[in-house]
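In what follows, a structure is listed as structure tokens, so that the remarks can point back to it.
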Amino acid sequence: MIAFLLFACSGDPELPETQAVAGANQVVELGQSIRLDGSDSEGVSALWDFGDGTQKEGFVAEHTYTKAGNYNAVLQVTGKGGARKTDGIRVVAHLPFAEQKPVWSSTIAVHPVTSRVYLVNPEFDSITVFSPDGSESSIVDTCRSPRTLVLDVDTDRLLVACEKSDAVDVFSAESLVHEATVSFELGARPFGVVARDGVWWAGLQGSNSLVRFDETGEVERLEDVPDPRGLALDADGRVIATRWRSVDDQGLLYRSDGAEIGLALDTNPDSDTTSGGVPTQLDSVSVSPDGGALYVPGHQANLLRGLYQNGLELTFETTVRAVVRVVLEGVEYPALTKLFDERGHANVVQPSLYGNFLYVLHPGTQSVSILDAYSGATAGSILNVGHTPTGLALSPDGQRLYVHAWLDRALRMYDVSDLSIQPPLLGQFSSVDEEVLSEAVLAGKRVFYSSADTRMTRSGYLTCAHCHADGRDDGVVWDFTDRGEGLRNTTSLEGMGSLPEGPIHWTGNFDELQDFEQDIRLTFGGVGFLEDALWADTEDALGSPKAGLSQELDDLAAFVLSLTEVPTSPFLAPAGGEQAFLDAGCDVCHAAPYYTDSTLESFLRHDVGTLTDASGSRRGEAIDGLDTPSLRGVFATPPYLHDGSAPDLVEAIRAHDSASALDEETLSLIAAFVRSL
């Protein structure tokens with residue numbers, strides 16, 4: 001007994017285990033006090049570090065954050081023997097929600113009450129409506145080429161903007177019964193649509209305007225807005241529209257109160273992780289839950305770079321780069337500009353439930369970047385979200401992220417309840433019953449839009465769609481001097497499939513669509529779709545044909561040739577316009593019905609007096625003239641001429657040597673006729 005007591009007292013008694021238990025993650029509105037409770041911890045003292053530079057002693061602490069943010073609050077507990085343990089929680093201090101919830105147009109929407117999911121099927125002239133878990137769905141026919149939709153929660157209506165029908169279809173959001181079709185003028189081409197309390201707005205691409213309308217069909221033109229695309233309605237009832245294709249010196253947002261918001265040209269030097277340029281292809285605009293921030297995704301087109309412009313070659317990583325621009329209180333806030341490495345384009349920004357995170361969609365790389373909304377820092381990513389995704393939406397509780405995987409014809413659903421882990425895929429659900437495109441055209445469309453394939457591009461930067469989204473032109477002028485060309489205005493691909501076969505590009509340097517393998521290998525940084533031996537035999541674009549040598553290139557050609565339509569002009573031909581066109585001899589090169597004399601038989605080119613030093617060369621040799629572009633749909637493709645030097649059609653015609661004898665009235669008359677084609 002004595003021996004045992006001596007043994008027991010010969011060392012220190014066992015100390016209680018030190019343990020830190022910080023409790024559950026918390027969310028608090030900025031300015032409200034929060035109670036952090038670590039009373040389940042074991043120890044003799046505790047210290048809370050709130051993550052904002054302040055601390056407080058005690059197991060339980062009250063704190064008020066003075067700045068919105070995502071904070072890591074850490075509890076440090078000290079035991080009797082001096083041992084220390086820590087545990088942390090995440091605290092979201094968010095800005096107060098706006099009284100009126102902001103809305104914006106998208107390819108996908110979620111009902112805030114029923115949680116049903118709605119998405120558009122552009123090629124199918126339909127929408128698909130899913131149950132919240134995706135297990136049930138129904139397809140509803142709409143007007144032609146639905147592009148975006150929006151829910152008018154106040155009246156429980158669903159509005160669908162149909163580009164090729166020049167109309168908006170109105171449905172009951174609950175029963176999906178078609179209630180009305182509101183039609184606009186011929187060639188209006190509505191894209192974005194927003195709604196609140198029975199008052200609706202649309203952006204009309206064809207007529208370059210913002211309109212307000214209602215179920216009676218009465219339409220009021222509000223603003224002249226060039227090339228409107230993304231549309232949002234802020235908490236104050238103002239409509240914001242993006243100019244889709246930017247002018248050379250800035251990106252632009254237009255507001256329904258007449259304000260213009262500029263997005264500045266980035267003139268910073270290019271680096272491994274940045275590149276300058278104008279923010280453009282501004283597909284959408286979204287609004288933070290507090291209503292104070294606008295998020296504008298797109299890419300920066302590096303128009304200041306090139307051998308002629310600044311002596312530097314365009315490279316695969318300095319041509320375009322995905323960007324999100326941020327506007328606070330009507331002014332761009334450059335400190336929150338986010339440039340993305342190894343991403344060529346961003347098309348959607350979806351704020352999280354509390355606005356503390358941003359989900360940014362990249363259609364080319366088929367991925368989602370997750371950003372801290374307050375710092376712009378990368379907080380995670382979701383990869384392989386489906387082919388050419390065009391829309392994001394959240395469930396009403398913010399726990400599920402829905403992705404519209406357009407060219408997979410699918411809805412994908414992710415669990416985003418815990419962003420400390422990789423968001424798991426909960427399911428993928430088909431949005432259509434049967435494909436309407438041929439196998440080759442659908443496959444070629446996927447090739448056209450994807451920058452995730454290393455055969456197309458290196459590091460996810462470039463693909464055909466980054467200059468030809470929707471098969472159109474990007475409205476900008478590139479310096480291709482390093483490619484043996486010069487300053488080149490991007491041409492639209494719309495209608496190519498309904499033209500006689502002719503050479504491609506301003507100088508006719510390609511004679512088949514499969515020749516884009518040259519751009520893919522030599523400028524996109526891709527490894528190519530041809531086997532190396534076949535590439536060696538066919539590298540000369542005007543040499544041995546590439547058709548039939550690669551399934552992917554043939555599919556790509558099939559897709560481009562499927563683009564048989566040009567936009568319908570909203571402008572009527574003026575009296576005497578066609579005759580003035582003929583009398584001036586314009587039809588010598590631009591004869592109806594195709595309004596081009598381009599053929600593969602003659603490779604005919606013309607020097608009409610528009611060539612300059614900036615025009616560079618043709619295939620690295622002296623330039624002797626230009627291939628004649630078709631005039632169909634030309635109203636929608638400013639600026640004009642091969643170098644983009646003409647801002648409008650009058651100036652484009654005036655630049656021709658043959659127009660020197662024409663008076664101003666005749667010039668305007670011919671331009672008005674061409675605008676109607």
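Here, A, B, ... name the chains of the structure tokens in the order displayed, residue numbers run from 1 inside each chain, and ligands are numbered from 1 in the same displayed order.
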
Practice item. Output as a PyMOL selection string all residues of region 258-468 of chain A that backbone DSSP marks as strand (DSSP E or B). Key: chain A and resi 260-264+266+277-280+286-287+293-301+306+312+320-328+331-332+338-339+348-351+357-362+367-372+378-382+389-394+400-405+410-415+425-430+457

Distance table requested - region 601-647 of chain A against region 575-593 of chain A, cut-off 9 Å, only C-alpha atoms: one row per qualifying residue with the closest atom pair and its distance in Å to one decimal, ordered by chain and rising residue number, as a tab-separated table.
residue	atom	partner	partner_atom	distance
A:His606	CA	A:Cys589	CA	8.7
A:Thr628	CA	A:Cys589	CA	6.8
A:Pro629	CA	A:His590	CA	8.2
A:Ser630	CA	A:His590	CA	7.0
A:Leu631	CA	A:His590	CA	7.3
A:Arg632	CA	A:Pro593	CA	8.9

Check your understanding: Can you list, as a list of chain:residue names, every protein, DNA or RNA residue that comes within 6 Å of region 400-412 of chain A when you count only C-alpha atoms, leaving out same-chain residues fewer than 4 positions away?
Key -> A:Gly386, A:His387, A:Thr388, A:Pro389, A:Thr390, A:Gly391, A:Leu392, A:Ala393, A:Leu394, A:Ser395, A:Val416, A:Gly427, A:Gln428, A:Phe429, A:Ser430, A:Ser431

Keeping N, CA and C atoms for every residue in the selection just given, could you write it to a file as a tab-separated table (two decimals), in the first residue's frame?
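What ended up in result17.tsv:
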chain	number	residue	atom	x	y	z
A	386	GLY	N	-19.86	20.48	-68.54
A	386	GLY	CA	-20.67	20.20	-69.72
A	386	GLY	C	-20.25	21.04	-70.90
A	387	HIS	N	-20.66	20.62	-72.08
A	387	HIS	CA	-20.23	21.26	-73.32
A	387	HIS	C	-20.89	22.62	-73.52
A	388	THR	N	-20.06	23.66	-73.63
A	388	THR	CA	-20.49	25.02	-73.92
A	388	THR	C	-21.64	25.45	-73.01
A	389	PRO	N	-21.39	25.54	-71.72
A	389	PRO	CA	-22.44	25.98	-70.79
A	389	PRO	C	-22.75	27.45	-71.01
A	390	THR	N	-24.04	27.80	-70.94
A	390	THR	CA	-24.46	29.18	-71.21
A	390	THR	C	-25.22	29.82	-70.06
A	391	GLY	N	-25.51	29.09	-69.00
A	391	GLY	CA	-26.29	29.68	-67.92
A	391	GLY	C	-26.00	29.06	-66.58
A	392	LEU	N	-26.13	29.89	-65.52
A	392	LEU	CA	-26.01	29.44	-64.14
A	392	LEU	C	-27.21	29.97	-63.36
A	393	ALA	N	-27.65	29.20	-62.37
A	393	ALA	CA	-28.70	29.66	-61.46
A	393	ALA	C	-28.56	28.91	-60.15
A	394	LEU	N	-29.03	29.52	-59.07
A	394	LEU	CA	-28.99	28.91	-57.75
A	394	LEU	C	-30.39	28.51	-57.29
A	395	SER	N	-30.46	27.46	-56.49
A	395	SER	CA	-31.71	27.13	-55.82
A	395	SER	C	-32.02	28.25	-54.83
A	416	VAL	N	-23.37	23.05	-53.63
A	416	VAL	CA	-22.42	24.11	-53.27
A	416	VAL	C	-22.65	24.57	-51.84
A	427	GLY	N	-26.32	15.44	-60.27
A	427	GLY	CA	-27.03	14.77	-61.36
A	427	GLY	C	-26.96	15.56	-62.65
A	428	GLN	N	-27.20	14.86	-63.75
A	428	GLN	CA	-27.29	15.47	-65.07
A	428	GLN	C	-28.57	14.99	-65.72
A	429	PHE	N	-29.34	15.93	-66.34
A	429	PHE	CA	-30.66	15.61	-66.83
A	429	PHE	C	-30.84	16.19	-68.23
A	430	SER	N	-31.33	15.36	-69.15
A	430	SER	CA	-31.49	15.77	-70.54
A	430	SER	C	-32.59	16.82	-70.68
A	431	SER	N	-32.34	17.81	-71.55
A	431	SER	CA	-33.33	18.86	-71.74
A	431	SER	C	-34.16	18.67	-73.01

Hey, which bits of region 489-608 of chain A sit within 12 Å of region 165-168 of chain A, and for each residue what's the closest pair of atoms and how far apart in Å (one decimal), counting only C-alpha atoms, rows by chain and increasing number, as CSV?
residue,atom,partner,partner_atom,distance
A:Pro567,CA,A:Asp166,CA,10.9
A:Thr568,CA,A:Asp166,CA,9.8
A:Ser569,CA,A:Asp166,CA,11.4
A:Pro570,CA,A:Asp166,CA,10.3

Exercise for review: Check region 302-408 of chain A with DSSP on the backbone and list each residue it calls helix (DSSP H, G or I), as a ChimeraX atom specification.
Suggested key: /A:334-336,406-408

Point to revise | Using only C-alpha atoms: which of A:Asp272, A:Glu517, A:Glu434, A:Glu531 has the shortest distance to Phe316 (chain A) | key: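 Among A:Asp272, A:Glu517, A:Glu434, A:Glu531, it is A:Asp272 that comes nearest to Phe316 (chain A).
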
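For the residues A:Ser183, A:Gln100, A:Ser41, A:Thr64, ranking by smallest atom-to-atom distance to Asp87 (chain A) using only C-alpha atoms places A:Ser41 first.
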
Review point. Suppose you want the space between CA of Arg605 (chain A) and CA of Glu664 (chain A); what is it in Å?
Key: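 Atom-to-atom, CA of Arg605 (chain A) to CA of Glu664 (chain A), that is 27.5 Å.
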
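With only C-alpha atoms taken into account, the protein and nucleic acid residues at most 8 Å from Val447 (chain A) (excluding it and anything under 5 positions from it in its own chain) are A:Met456, A:Glu552, A:Asp555, A:Leu556.
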
Output for the residues just chosen: C-alpha atoms as a compact mmCIF listing (two decimals), in the first residue's frame:
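Now in again02.txt:
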# COMPACT_ATOMS: atom_id res chain seq x y z
CA MET A 456 -7.86 23.26 -80.68
CA GLU A 552 -13.25 17.01 -86.60
CA ASP A 555 -17.52 18.43 -88.77
CA LEU A 556 -16.36 22.00 -88.16

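Restricting the calculation to only C-alpha atoms, the smallest distance between Asp197 (chain A) and any of A:Glu218, A:Asp152, A:Asp227, A:Asp474 is found for A:Asp152.
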
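For the choices A:Val296, A:Cys464, A:Leu426, A:Ala24, the atom-to-atom distance to Asp40 (chain A) is smallest for A:Ala24 when using only C-alpha atoms.
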
Exercise for review: Have a look at CA of Gly502 (chain A) and CA of Pro647 (chain A) and let me know their distance in Å, one decimal.
Suggested key: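 Result for CA of Gly502 (chain A) versus CA of Pro647 (chain A): 26.4 Å, one decimal.
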
Exercise for review: Write out as a PyMOL selection string the residues lying within 12 Å of Gly633 (chain A), counting only C-alpha atoms and excluding same-chain residues fewer than 6 positions away.
Suggested key: chain A and resi 187+206+472-473+491-496+564-571+594-595+673-677
